[in-house]
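K.L.:
Below is the file coords-v3.cif, with mmCIF, C-alpha atoms.
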```
data_work
#
loop_
_atom_site.label_atom_id
_atom_site.label_comp_id
_atom_site.auth_asym_id
_atom_site.auth_seq_id
_atom_site.Cartn_x
_atom_site.Cartn_y
_atom_site.Cartn_z
CA ASN A 1 -0.79 17.42 6.43
CA GLY A 2 -0.32 13.69 5.95
CA GLN A 3 0.59 11.09 8.54
CA ILE A 4 4.23 10.74 7.54
CA GLY A 5 4.76 14.47 7.07
CA ARG A 6 3.44 15.13 10.56
CA ALA A 7 5.55 12.34 12.01
CA LEU A 8 8.70 13.68 10.32
CA ASN A 9 8.08 17.12 11.77
CA ASP A 10 7.53 15.63 15.22
CA VAL A 11 10.84 13.79 15.03
CA LEU A 12 12.72 16.72 13.50
CA ASP A 13 11.37 19.37 15.86
CA PRO A 14 13.80 18.83 18.78
CA MET A 15 16.79 18.58 16.42
CA GLN A 16 16.71 22.27 15.46
CA ILE A 17 17.21 21.45 11.80
CA GLU A 18 15.88 23.88 9.22
CA THR A 19 12.97 22.39 7.32
CA LEU A 20 10.63 23.76 4.72
CA ASN A 21 7.22 22.13 4.53
CA THR A 22 5.11 22.59 1.44
CA ASP A 23 1.57 21.70 0.49
CA LEU A 24 -0.42 22.14 -2.70
CA ASP A 25 -0.92 25.84 -1.95
CA GLU A 26 2.84 26.39 -1.84
CA LEU A 27 3.99 23.98 -4.53
CA ASP A 28 2.27 21.97 -7.25
CA ILE A 29 4.66 19.10 -7.86
CA THR A 30 2.94 18.28 -11.17
CA ASP A 31 4.09 21.62 -12.60
CA THR A 32 7.64 21.03 -13.84
CA ASP A 33 8.63 24.69 -14.19
CA GLU A 34 7.23 25.58 -10.77
CA VAL A 35 9.11 22.73 -9.10
CA ILE A 36 12.41 23.57 -10.82
CA ASN A 37 12.06 27.26 -9.89
CA PHE A 38 11.23 26.34 -6.29
CA GLY A 39 14.29 24.12 -6.09
CA SER A 40 16.58 26.73 -7.63
CA ILE A 41 15.50 29.30 -5.03
CA ASN A 42 15.61 27.06 -1.96
CA ARG A 43 18.53 24.75 -2.89
CA PRO A 44 17.45 21.73 -0.81
CA ASP A 45 19.93 19.22 0.56
CA VAL A 46 17.33 16.49 0.97
CA ILE A 47 13.87 16.18 -0.53
CA ILE A 48 11.35 13.87 1.13
CA ASN A 49 8.36 13.30 -1.11
CA CYS A 50 5.36 12.70 1.14
CA THR A 51 2.78 13.47 -1.51
CA GLY A 52 0.62 10.91 -3.21
CA ILE A 53 -2.86 9.97 -4.36
CA THR A 54 -3.32 6.90 -2.16
CA ASP A 55 -7.08 6.33 -2.47
CA THR A 56 -7.15 3.27 -4.72
CA ASP A 57 -10.75 3.87 -5.79
CA GLU A 58 -9.99 7.48 -6.70
CA CYS A 59 -6.99 6.32 -8.73
CA GLU A 60 -9.17 3.93 -10.72
CA LYS A 61 -11.72 6.70 -11.37
CA ASN A 62 -9.13 9.28 -12.35
CA PRO A 63 -5.96 7.51 -13.54
CA GLU A 64 -4.58 10.61 -15.28
CA HIS A 65 -4.54 12.54 -12.00
CA ALA A 66 -2.99 9.56 -10.19
CA TYR A 67 -0.14 9.38 -12.72
CA ARG A 68 0.39 13.15 -12.68
CA VAL A 69 0.88 13.19 -8.90
CA ASN A 70 2.38 9.77 -8.17
CA ALA A 71 4.61 9.49 -11.24
CA LEU A 72 5.24 12.89 -12.86
CA GLY A 73 5.44 14.60 -9.47
CA ALA A 74 8.18 12.19 -8.43
CA ARG A 75 9.95 12.83 -11.74
CA ASN A 76 9.92 16.60 -11.23
CA LEU A 77 11.29 16.32 -7.70
CA SER A 78 14.05 13.95 -8.80
CA ILE A 79 15.06 16.42 -11.54
CA VAL A 80 15.43 19.11 -8.88
CA ALA A 81 17.35 16.71 -6.64
CA ARG A 82 19.84 16.05 -9.44
CA LYS A 83 20.24 19.76 -10.22
CA CYS A 84 20.85 20.61 -6.56
CA GLY A 85 22.94 17.55 -5.75
CA ALA A 86 20.31 16.68 -3.15
CA LYS A 87 19.28 13.30 -1.83
CA ILE A 88 15.67 12.33 -2.42
CA VAL A 89 13.38 10.03 -0.48
CA GLN A 90 10.55 8.58 -2.52
CA LEU A 91 7.83 6.89 -0.45
CA SER A 92 6.26 3.92 -2.18
CA THR A 93 3.99 0.99 -1.44
CA ASP A 94 3.54 -2.76 -1.42
CA ASP A 95 0.92 -2.23 -4.15
CA VAL A 96 3.74 -2.38 -6.70
CA PHE A 97 3.39 -6.17 -6.23
CA ASP A 98 0.42 -8.31 -7.23
CA GLY A 99 -0.09 -9.82 -3.76
CA LYS A 100 -0.02 -13.41 -5.04
CA SER A 101 3.13 -14.45 -3.22
CA LYS A 102 2.77 -16.87 -0.31
CA LYS A 103 5.75 -15.35 1.47
CA PRO A 104 6.85 -11.78 2.28
CA TYR A 105 8.17 -9.81 -0.65
CA THR A 106 11.80 -8.77 -0.81
CA GLU A 107 13.37 -5.95 -2.78
CA PHE A 108 14.67 -8.53 -5.24
CA ASP A 109 11.16 -9.63 -6.27
CA ASP A 110 9.77 -8.44 -9.60
CA THR A 111 7.00 -5.86 -9.38
CA ASN A 112 3.63 -6.57 -10.97
CA PRO A 113 1.05 -3.99 -9.88
CA LEU A 114 -2.59 -4.80 -10.60
CA THR A 115 -4.09 -1.40 -9.78
CA VAL A 116 -3.74 2.11 -11.18
CA TYR A 117 -2.40 3.19 -7.80
CA GLY A 118 0.29 0.50 -7.83
CA ARG A 119 1.25 1.17 -11.44
CA SER A 120 1.48 4.91 -10.89
CA LYS A 121 3.70 4.42 -7.82
CA ARG A 122 5.96 2.03 -9.74
CA ALA A 123 6.24 4.63 -12.49
CA GLY A 124 7.27 7.15 -9.84
CA GLU A 125 9.95 4.77 -8.56
CA ASN A 126 11.30 4.29 -12.07
CA TYR A 127 11.49 8.03 -12.72
CA VAL A 128 13.42 8.58 -9.50
CA LYS A 129 15.90 5.85 -10.37
CA GLU A 130 16.26 7.25 -13.89
CA PHE A 131 16.92 10.88 -12.96
CA THR A 132 19.13 10.63 -9.86
CA HIS A 133 21.32 7.99 -8.25
CA LYS A 134 21.14 9.67 -4.82
CA HIS A 135 17.79 8.17 -3.96
CA PHE A 136 16.12 6.18 -1.22
CA ILE A 137 12.95 4.44 -2.38
CA ILE A 138 11.09 3.27 0.70
CA ARG A 139 8.22 0.82 0.35
CA SER A 140 5.93 0.36 3.32
CA ASN A 141 2.33 -0.58 3.98
CA TRP A 142 -0.58 -0.10 6.35
CA VAL A 143 0.93 3.11 7.73
CA TYR A 144 -0.88 4.59 10.72
CA GLY A 145 -0.37 7.86 12.55
CA LYS A 146 -2.00 10.95 13.96
CA GLY A 147 -4.97 12.22 12.02
CA GLY A 148 -4.85 9.52 9.41
CA ASN A 149 -7.77 7.60 7.90
CA ASN A 150 -6.22 4.17 8.32
CA PHE A 151 -7.14 0.65 9.31
CA GLU A 152 -5.54 0.80 12.76
CA ASN A 153 -7.37 3.98 13.76
CA ARG A 154 -10.65 2.51 12.52
CA VAL A 155 -10.06 -0.62 14.64
CA LEU A 156 -9.45 1.47 17.75
CA GLU A 157 -12.40 3.77 17.13
CA THR A 158 -14.72 0.83 16.55
CA ALA A 159 -13.45 -0.93 19.68
CA GLU A 160 -14.00 2.17 21.79
CA LYS A 161 -17.61 2.29 20.60
CA GLY A 162 -18.08 -1.42 21.31
CA GLN A 163 -19.08 -2.05 17.72
CA ALA A 164 -18.25 -4.84 15.30
CA LEU A 165 -15.94 -4.23 12.35
CA SER A 166 -16.05 -6.26 9.15
CA VAL A 167 -12.62 -6.82 7.63
CA ALA A 168 -11.18 -8.89 4.80
CA SER A 169 -9.89 -12.29 5.87
CA ASP A 170 -7.50 -12.82 2.95
CA GLN A 171 -5.22 -9.79 3.29
CA PHE A 172 -1.83 -9.75 4.96
CA GLY A 173 0.19 -6.71 5.94
CA SER A 174 2.46 -5.14 8.50
CA PRO A 175 0.85 -2.11 10.17
CA THR A 176 3.61 0.47 10.39
CA SER A 177 3.90 3.44 12.72
CA ALA A 178 4.36 6.70 10.82
CA LYS A 179 6.75 7.88 13.52
CA ASP A 180 8.85 4.70 13.27
CA LEU A 181 8.95 5.18 9.51
CA ALA A 182 9.99 8.82 9.97
CA ARG A 183 12.87 7.75 12.23
CA MET A 184 14.05 5.25 9.65
CA ILE A 185 13.89 7.88 6.90
CA LEU A 186 16.06 10.22 8.96
CA TYR A 187 18.48 7.39 9.68
CA LEU A 188 18.86 6.52 6.00
CA ILE A 189 19.39 10.06 4.72
CA ASP A 190 22.40 10.32 7.02
CA THR A 191 24.02 7.55 4.94
CA ASN A 192 25.07 7.03 1.35
CA GLU A 193 23.44 3.58 1.18
CA TYR A 194 21.25 4.50 -1.78
CA GLY A 195 18.71 2.05 -3.13
CA THR A 196 15.28 0.56 -2.49
CA TYR A 197 14.16 -0.50 0.99
CA HIS A 198 11.22 -2.36 2.46
CA VAL A 199 10.48 -0.83 5.85
CA THR A 200 7.67 -2.04 8.09
CA SER A 201 6.98 -2.47 11.79
CA TRP A 202 6.22 -5.64 13.69
CA ILE A 203 3.09 -4.99 15.75
CA LEU A 204 2.75 -6.49 19.21
CA SER A 205 -0.91 -5.66 19.57
CA LEU A 206 -3.48 -3.61 17.70
CA THR A 207 -4.95 -2.43 20.98
CA GLY A 208 -1.65 -0.99 22.13
CA ILE A 209 -0.28 -0.08 18.68
CA GLN A 210 3.29 -0.70 19.73
CA SER A 211 6.16 -1.50 17.41
CA ASP A 212 8.84 -3.96 18.36
CA ASN A 213 11.19 -4.22 15.43
CA PHE A 214 11.90 -3.23 11.85
CA ILE A 215 12.11 -5.38 8.77
CA ILE A 216 14.70 -3.74 6.54
CA ARG A 217 16.23 -5.02 3.33
CA LEU A 218 18.34 -3.35 0.70
CA PHE A 219 17.89 -3.61 -3.07
CA LYS A 220 19.74 -2.23 -6.04
CA PRO A 221 21.81 0.50 -4.47
CA THR A 222 23.45 2.27 -7.35
CA SER A 223 26.47 4.09 -5.99
CA PHE A 224 27.09 6.15 -3.25
CA SER A 225 24.60 15.72 1.02
CA PRO A 226 22.86 19.13 4.02
CA ILE A 227 19.04 18.79 3.89
CA LEU A 228 15.93 20.65 2.86
CA ALA A 229 12.73 18.76 2.15
CA LEU A 230 8.77 17.70 3.03
CA ILE A 231 6.60 17.96 -0.06
CA GLY A 232 3.32 17.45 0.83
CA VAL A 233 7.18 17.69 0.50
CA VAL A 234 9.68 18.24 3.29
CA LEU A 235 12.83 20.18 2.54
CA ILE A 236 15.68 20.03 5.05
CA MET A 237 18.70 22.32 5.17
CA PHE A 238 21.79 22.03 7.37
CA THR A 239 24.00 24.84 8.58
CA LYS A 240 27.76 24.35 8.43
CA SER A 241 27.93 23.95 12.19
CA GLN A 242 25.56 20.99 11.99
CA LYS A 243 27.82 19.03 9.62
CA LYS A 244 30.53 16.69 10.76
CA LYS A 245 34.02 16.73 9.33
CA ASN A 246 33.17 13.69 7.23
CA GLY A 247 30.27 15.52 5.58
CA SER A 248 27.56 13.71 7.54
CA ASP A 249 24.85 15.81 9.14
CA GLY A 250 24.55 13.65 12.23
CA ILE A 251 20.82 13.05 11.98
CA GLY A 252 21.32 9.31 12.10
CA ASP A 253 23.25 9.58 15.35
CA LYS A 254 20.44 11.54 16.93
CA CYS A 255 17.83 9.07 15.74
CA LEU A 256 19.87 6.19 17.16
CA GLN A 257 19.51 7.71 20.61
CA ASP A 258 15.97 6.35 20.47
CA PRO A 259 15.74 2.60 21.27
CA LEU A 260 13.35 2.12 18.36
CA LYS A 261 16.20 3.01 16.03
CA LEU A 262 18.74 0.52 17.33
CA SER A 263 17.62 -2.20 14.95
CA ALA A 264 18.64 0.07 12.08
CA CYS A 265 22.27 -0.75 12.91
CA ASN A 266 21.66 -4.14 11.29
CA LEU A 267 21.44 -2.63 7.79
CA ARG A 268 23.40 -4.75 5.36
CA LYS A 269 26.09 -3.32 3.12
CA PRO A 270 25.03 -2.48 -0.46
CA VAL A 271 25.13 -5.19 -3.07
CA SER A 272 27.06 -4.35 -6.23
CA HIS A 273 25.11 -4.49 -9.48
#
```
For this file, produce the structure as C-alpha cells.
P.N.:
Amino acid sequence: NGQIGRALNDVLDPMQIETLNTDLDELDITDTDEVINFGSINRPDVIINCTGITDTDECEKNPEHAYRVNALGARNLSIVARKCGAKIVQLSTDDVFDGKSKKPYTEFDDTNPLTVYGRSKRAGENYVKEFTHKHFIIRSNWVYGKGGNNFENRVLETAEKGQALSVASDQFGSPTSAKDLARMILYLIDTNEYGTYHVTSWILSLTGIQSDNFIIRLFKPTSFSPILALIGVVLIMFTKSQKKKNGSDGIGDKCLQDPLKLSACNLRKPVSH
C-alpha cells in the first residue's frame, strides 16, 4: 500500500513477471517463525522490503515498535533470503546520518543517526549485511508518489488551493520519485553488484515534479538469482523461460528501455574491501 510498493507494481505490471505482494494481514515480518515458514513455502528469488515505520514522531513515542519493524523485520527477511539463496533489497534513509555535513553524503561516510527512526533503520541495514551478502541497501530521501503523505504532494495541494505553506528553511534534500526509485531497484536486482547505494532524483521543478537524473554511488559491495518479493514486501519469481543463458532475468534490460534508466549505465564497478 505504500508509495514504493505501488510504484514497483506499476513498473512490473507490463513485464509479466510473477510477483507476490504482502501486507500485515498476509505476513507479519516481526514474527520470525511466520516469516521463515512463508519463505519456505514461496521460495522467493528476490525480496524487496518496502515495510517500515517512517513516522519519526511515532518512532520516538514507541521505539520498541520501531525497532521490531525496521530492524528485526529486516533481520527476519534477510534470514529467509539466505535460506532461499534470494537477493534482498533493503530500503533505507538519509536519517542514518546526523545531517551536520555541509556537503552531500556518500556511502563512505560514517553513519550517526540522531533519531529513533534513523537508529532503527541503521540497525536494519546492519542485520541485512550480517545475514546475507546478496543484498542491495538503498538509501533515499524525500520520496514522493501516488497516495503518499509527503512534502511534494503537500506543496502541490497547497498551491492548488492558493494557500501559503510554512516550511523549514534549514533542511536540504533531494525529492525522489517513487517510480524512478522503483526502476532503479529493478535495474540493480538484475546485477550482482551487491552493496549500499544512495539513490535520489534531481528535481527540475516542484510544480512539474519531473526527474532529470540519478545520483548513484556504490559502497561496500561484499561479493557477488529468479525473483519473488514486495513486503509491505514484494516477492518476485521468474519462470525458466524468462531467464537468460547467463542466469540474468533480463529485468534490467527492460528497465533500460525507459530513458529515465539510461543514467544507470554509469554505475561504477564494485570496490574491493
K.L.:
What is the distance, in Å and to one decimal place, between atom CA of A:Asp45 and atom CA of A:Lys87?
P.N.:
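That distance, rounded to one decimal, is 6.4 Å.
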K.L.:
Please tell me which residues are no farther than 8 Å from (7.3, 19.3, -9.0) in the file, counting all atoms listed in the file, and write them as a PyMOL selection string.
P.N.:
chain A and resi 27-36+72-77
K.L.:
Please indicate the distance in Å from atom CA of A:Lys121 to atom CA of A:Pro63, rounded to one decimal place.
P.N.:
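One can read the atom CA of A:Lys121 to atom CA of A:Pro63 distance as 11.6 Å.
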K.L.:
Taking 4 positions as the minimum chain separation for residues in the same chain, which residues sit within 7 Å of stretch 128-134 of chain A when counting all atoms listed in the file? Answer as a ChimeraX atom specification.
P.N.:
/A:74-75,78-79,82,87-88,124,194,222-223
K.L.:
Record the distance separating atom CA of A:Tyr105 and atom CA of A:Glu193, expressed in Å with one decimal.
P.N.:
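These atoms are spaced 20.4 Å apart.
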K.L.:
I'd like the neighbourhood of A:Val116 as a ChimeraX atom specification, where a residue qualifies if any of its atoms comes within 7 Å (using only C-alpha atoms), though same-chain residues fewer than 2 positions away should be ignored.
P.N.:
/A:59-60,63,118-120
K.L.:
Which of these, A:Gly145, A:Gly195, A:Gly85, A:Gly162, has the shortest distance to A:Ala182 once you count all atoms listed in the file?
P.N.:
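Distance minimum relative to A:Ala182 lands on A:Gly145.
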K.L.:
Translate the PyMOL selection byres ((chain A and resi 174) around 7), as applied to the file shown, into an explicit residue set as a list of chain:residue names.
P.N.:
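Applied to this file, the PyMOL selection byres ((chain A and resi 174) around 7) selects A:Asn141, A:Trp142, A:Gly173, A:Pro175, A:Thr176, A:Thr200, A:Ser201, A:Trp202.
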K.L.:
Let me make sure I understand: among A:Thr191, A:Asn126, A:Thr106, A:Gln90, which one has the smallest atom-to-atom distance to A:Thr51 if we use all atoms listed in the file?
P.N.:
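Among the listed residues, A:Gln90 lies closest to A:Thr51.
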K.L.:
For A:Lys100, find every residue with an atom within 12 Å (counting all atoms listed in the file), except residues of its own chain fewer than 3 positions away, and show them as a ChimeraX atom specification.
P.N.:
/A:94-97,103-105,109-114,170-172
K.L.:
Written as an NGL selection string, what is the full residue list that the PyMOL selection byres ((chain A and resi 53) around 9) yields on the file shown?
P.N.:
:A and (51-52 or 54-56 or 58-59 or 65-67 or 69-70 or 117)
K.L.:
Compare A:Ile185, A:Ala81, A:Ile137, A:Ala86 by their minimum atom-to-atom distance to A:Gly5, counting all atoms listed in the file, and give me the closest one.
P.N.:
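Ranking A:Ile185, A:Ala81, A:Ile137, A:Ala86 by distance to A:Gly5, first place goes to A:Ile185.
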K.L.:
Here is a test: counting only C-alpha atoms, which residue of A:Val46, A:Ala7, A:Met184, A:Val80 is nearest to A:Arg139?
P.N.:
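Closest residue, counting only C-alpha atoms: A:Met184.
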K.L.:
May I have the residues at most 7 Å from (10.3, 0.0, 1.5) in the file's coordinates, counting only C-alpha atoms, as a PyMOL selection string?
P.N.:
chain A and resi 92+137-140+196-199
